[in-house]
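Structure first, then comments.
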Amino acid sequence: MSELNGVGGLSGAARPAIGRGFRLQWEAAQNAFVLLYPEGMIKLNASAGEILKRCDGAATVDEITASLEQAFSTQGLQADVLAFVAMAHEKRWVSLQ
């Protein structure tokens with residue numbers, strides 16, 4: 001599997017998507033993105049919300065990183081994005097396409 005070999009076992013070619021049983025939505029009352037699942041809700045910090053809203057199963061981690069770097073006028077986010085997606089995959093928040 002080409003998507004498993006970089007940071008946290010993940011490469012930039014992986015295509016993450018919100019995991020089965022989870023739904024990402026903006027929650028105005030929380031002023032944050034939340035990840036809903038049958039047993040509850042996870043309130044996400046701003047960075048996690050920005051990454052997860054780009055996890056559509058079509059964009060690669062490299063493309064998600066480029067989108068974030070452009071949106072926030074910065075560089076060098078690849079390692080952080082890979083680490084977050086690897087953690088989210090371990091928690092089943094995302095699946096890899």
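Letters A, B, ... go to the chains of the structure tokens in the order shown; residues in each chain start at 1; ligands are counted from 1 in the same order.
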
Using only C-alpha atoms, which protein or nucleic acid residues come within 8 Å of Gly49 (chain A)? Drop anything in the same chain fewer than 6 positions from it, and give the result as an mmCIF file with N, CA and C atoms, in the first residue's frame.
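Below you can see selection_8.cif, which holds the result:
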data_model
loop_
_atom_site.group_PDB
_atom_site.id
_atom_site.type_symbol
_atom_site.label_atom_id
_atom_site.label_comp_id
_atom_site.auth_asym_id
_atom_site.auth_seq_id
_atom_site.Cartn_x
_atom_site.Cartn_y
_atom_site.Cartn_z
ATOM 1 N N ALA A 32 -17.029 25.917 16.770
ATOM 2 C CA ALA A 32 -15.979 24.999 16.336
ATOM 3 C C ALA A 32 -16.582 23.901 15.478
ATOM 4 N N PHE A 33 -15.704 23.241 14.724
ATOM 5 C CA PHE A 33 -16.123 22.023 14.055
ATOM 6 C C PHE A 33 -16.200 20.929 15.110
ATOM 7 N N VAL A 34 -17.163 20.028 14.930
ATOM 8 C CA VAL A 34 -17.290 18.877 15.810
ATOM 9 C C VAL A 34 -17.386 17.631 14.952
#

Inset, instruction - From a DSSP pass on the backbone, collect the residues of region 1-93 of chain A flagged as alpha helix (DSSP H) and hand them back as a ChimeraX atom specification. - result: /A:46-52,61-71,78-90

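What separates CA of Lys53 (chain A) from CA of Thr74 (chain A) is a distance of 18.5 Å.
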
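Closest approach to Gln25 (chain A) among A:Ser95, A:Ala13, A:Leu52, A:Gly40 is made by A:Leu52 (distances from only C-alpha atoms).
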
Region 87-89 of chain A surroundings by only C-alpha atoms, 9 Å radius, close-in-sequence under 6 positions cut, as a tab-separated table (two decimals) with N, CA and C atoms, in the first residue's frame:
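Full text of selection30.tsv as output:
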chain	number	residue	atom	x	y	z
A	8	GLY	N	4.10	8.37	10.78
A	8	GLY	CA	3.01	7.61	11.37
A	8	GLY	C	2.55	6.48	10.47
A	16	PRO	N	-7.45	10.56	2.71
A	16	PRO	CA	-8.30	10.36	3.88
A	16	PRO	C	-9.74	10.84	3.65
A	19	GLY	N	-14.38	8.95	8.62
A	19	GLY	CA	-14.66	7.54	8.87
A	19	GLY	C	-16.15	7.22	8.95
A	95	SER	N	-10.87	7.21	7.30
A	95	SER	CA	-10.43	5.99	6.62
A	95	SER	C	-9.55	6.44	5.48
A	96	LEU	N	-8.74	5.54	4.94
A	96	LEU	CA	-7.85	5.87	3.85
A	96	LEU	C	-8.36	5.25	2.56

Inset, instruction - Could you give me, as a ChimeraX atom specification, the residues within 12 Å of Leu35 (chain A), counting only C-alpha atoms and dropping anything in the same chain fewer than 2 positions from it? - result: /A:18-27,30,32-33,37-45,48-49,52-53,88,91-94

Legend entry - Contacts of Gln97 (chain A) at 10 Å (only C-alpha atoms; same-chain gap of 4+ positions) as a list of chain:residue names: A:Glu3, A:Ala13, A:Ala14, A:Arg15, A:Pro16, A:Ala17, A:Asp56, A:Gly57, A:Ala58, A:Ala59, A:Thr60

Take the residues from that selection and write them out as a PDB file, in the first residue's frame, keeping N, CA and C atoms.
ATOM      1  N   GLU A   3       0.007   4.308   0.411  1.00  0.00           N
ATOM      2  CA  GLU A   3      -0.345   5.361   1.360  1.00  0.00           C
ATOM      3  C   GLU A   3       0.238   5.123   2.753  1.00  0.00           C
ATOM      4  N   ALA A  13       0.466  10.451  -0.387  1.00  0.00           N
ATOM      5  CA  ALA A  13      -0.437   9.967  -1.430  1.00  0.00           C
ATOM      6  C   ALA A  13      -1.749   9.424  -0.863  1.00  0.00           C
ATOM      7  N   ALA A  14      -1.825   9.262   0.458  1.00  0.00           N
ATOM      8  CA  ALA A  14      -3.052   8.748   1.085  1.00  0.00           C
ATOM      9  C   ALA A  14      -4.198   9.717   0.850  1.00  0.00           C
ATOM     10  N   ARG A  15      -5.402   9.175   0.695  1.00  0.00           N
ATOM     11  CA  ARG A  15      -6.609   9.983   0.482  1.00  0.00           C
ATOM     12  C   ARG A  15      -7.564   9.743   1.658  1.00  0.00           C
ATOM     13  N   PRO A  16      -7.452  10.563   2.708  1.00  0.00           N
ATOM     14  CA  PRO A  16      -8.305  10.360   3.884  1.00  0.00           C
ATOM     15  C   PRO A  16      -9.735  10.844   3.652  1.00  0.00           C
ATOM     16  N   ALA A  17     -10.673  10.130   4.258  1.00  0.00           N
ATOM     17  CA  ALA A  17     -12.087  10.502   4.235  1.00  0.00           C
ATOM     18  C   ALA A  17     -12.633  10.329   5.643  1.00  0.00           C
ATOM     19  N   ASP A  56     -11.955  14.487   2.129  1.00  0.00           N
ATOM     20  CA  ASP A  56     -13.138  14.102   1.371  1.00  0.00           C
ATOM     21  C   ASP A  56     -12.984  12.796   0.602  1.00  0.00           C
ATOM     22  N   GLY A  57     -11.852  12.128   0.767  1.00  0.00           N
ATOM     23  CA  GLY A  57     -11.609  10.881   0.055  1.00  0.00           C
ATOM     24  C   GLY A  57     -11.061  11.082  -1.345  1.00  0.00           C
ATOM     25  N   ALA A  58     -11.069  12.313  -1.825  1.00  0.00           N
ATOM     26  CA  ALA A  58     -10.534  12.617  -3.158  1.00  0.00           C
ATOM     27  C   ALA A  58      -9.163  13.280  -3.059  1.00  0.00           C
ATOM     28  N   ALA A  59      -9.014  14.210  -2.112  1.00  0.00           N
ATOM     29  CA  ALA A  59      -7.748  14.934  -1.949  1.00  0.00           C
ATOM     30  C   ALA A  59      -6.723  14.070  -1.227  1.00  0.00           C
ATOM     31  N   THR A  60      -5.494  14.115  -1.705  1.00  0.00           N
ATOM     32  CA  THR A  60      -4.408  13.417  -1.020  1.00  0.00           C
ATOM     33  C   THR A  60      -3.933  14.266   0.164  1.00  0.00           C
TER      34      THR A  60
END

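For the choices A:Val85, A:Leu10, A:Leu77, A:Ala71, the atom-to-atom distance to Cys55 (chain A) is smallest for A:Val85 when using only C-alpha atoms.
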
Inset, instruction - Choose the residue, out of A:Ala28, A:Leu36, A:Ala46, A:Ile51, that has the smallest atom-to-atom separation from Asp80 (chain A); count only C-alpha atoms. - result: A:Ile51
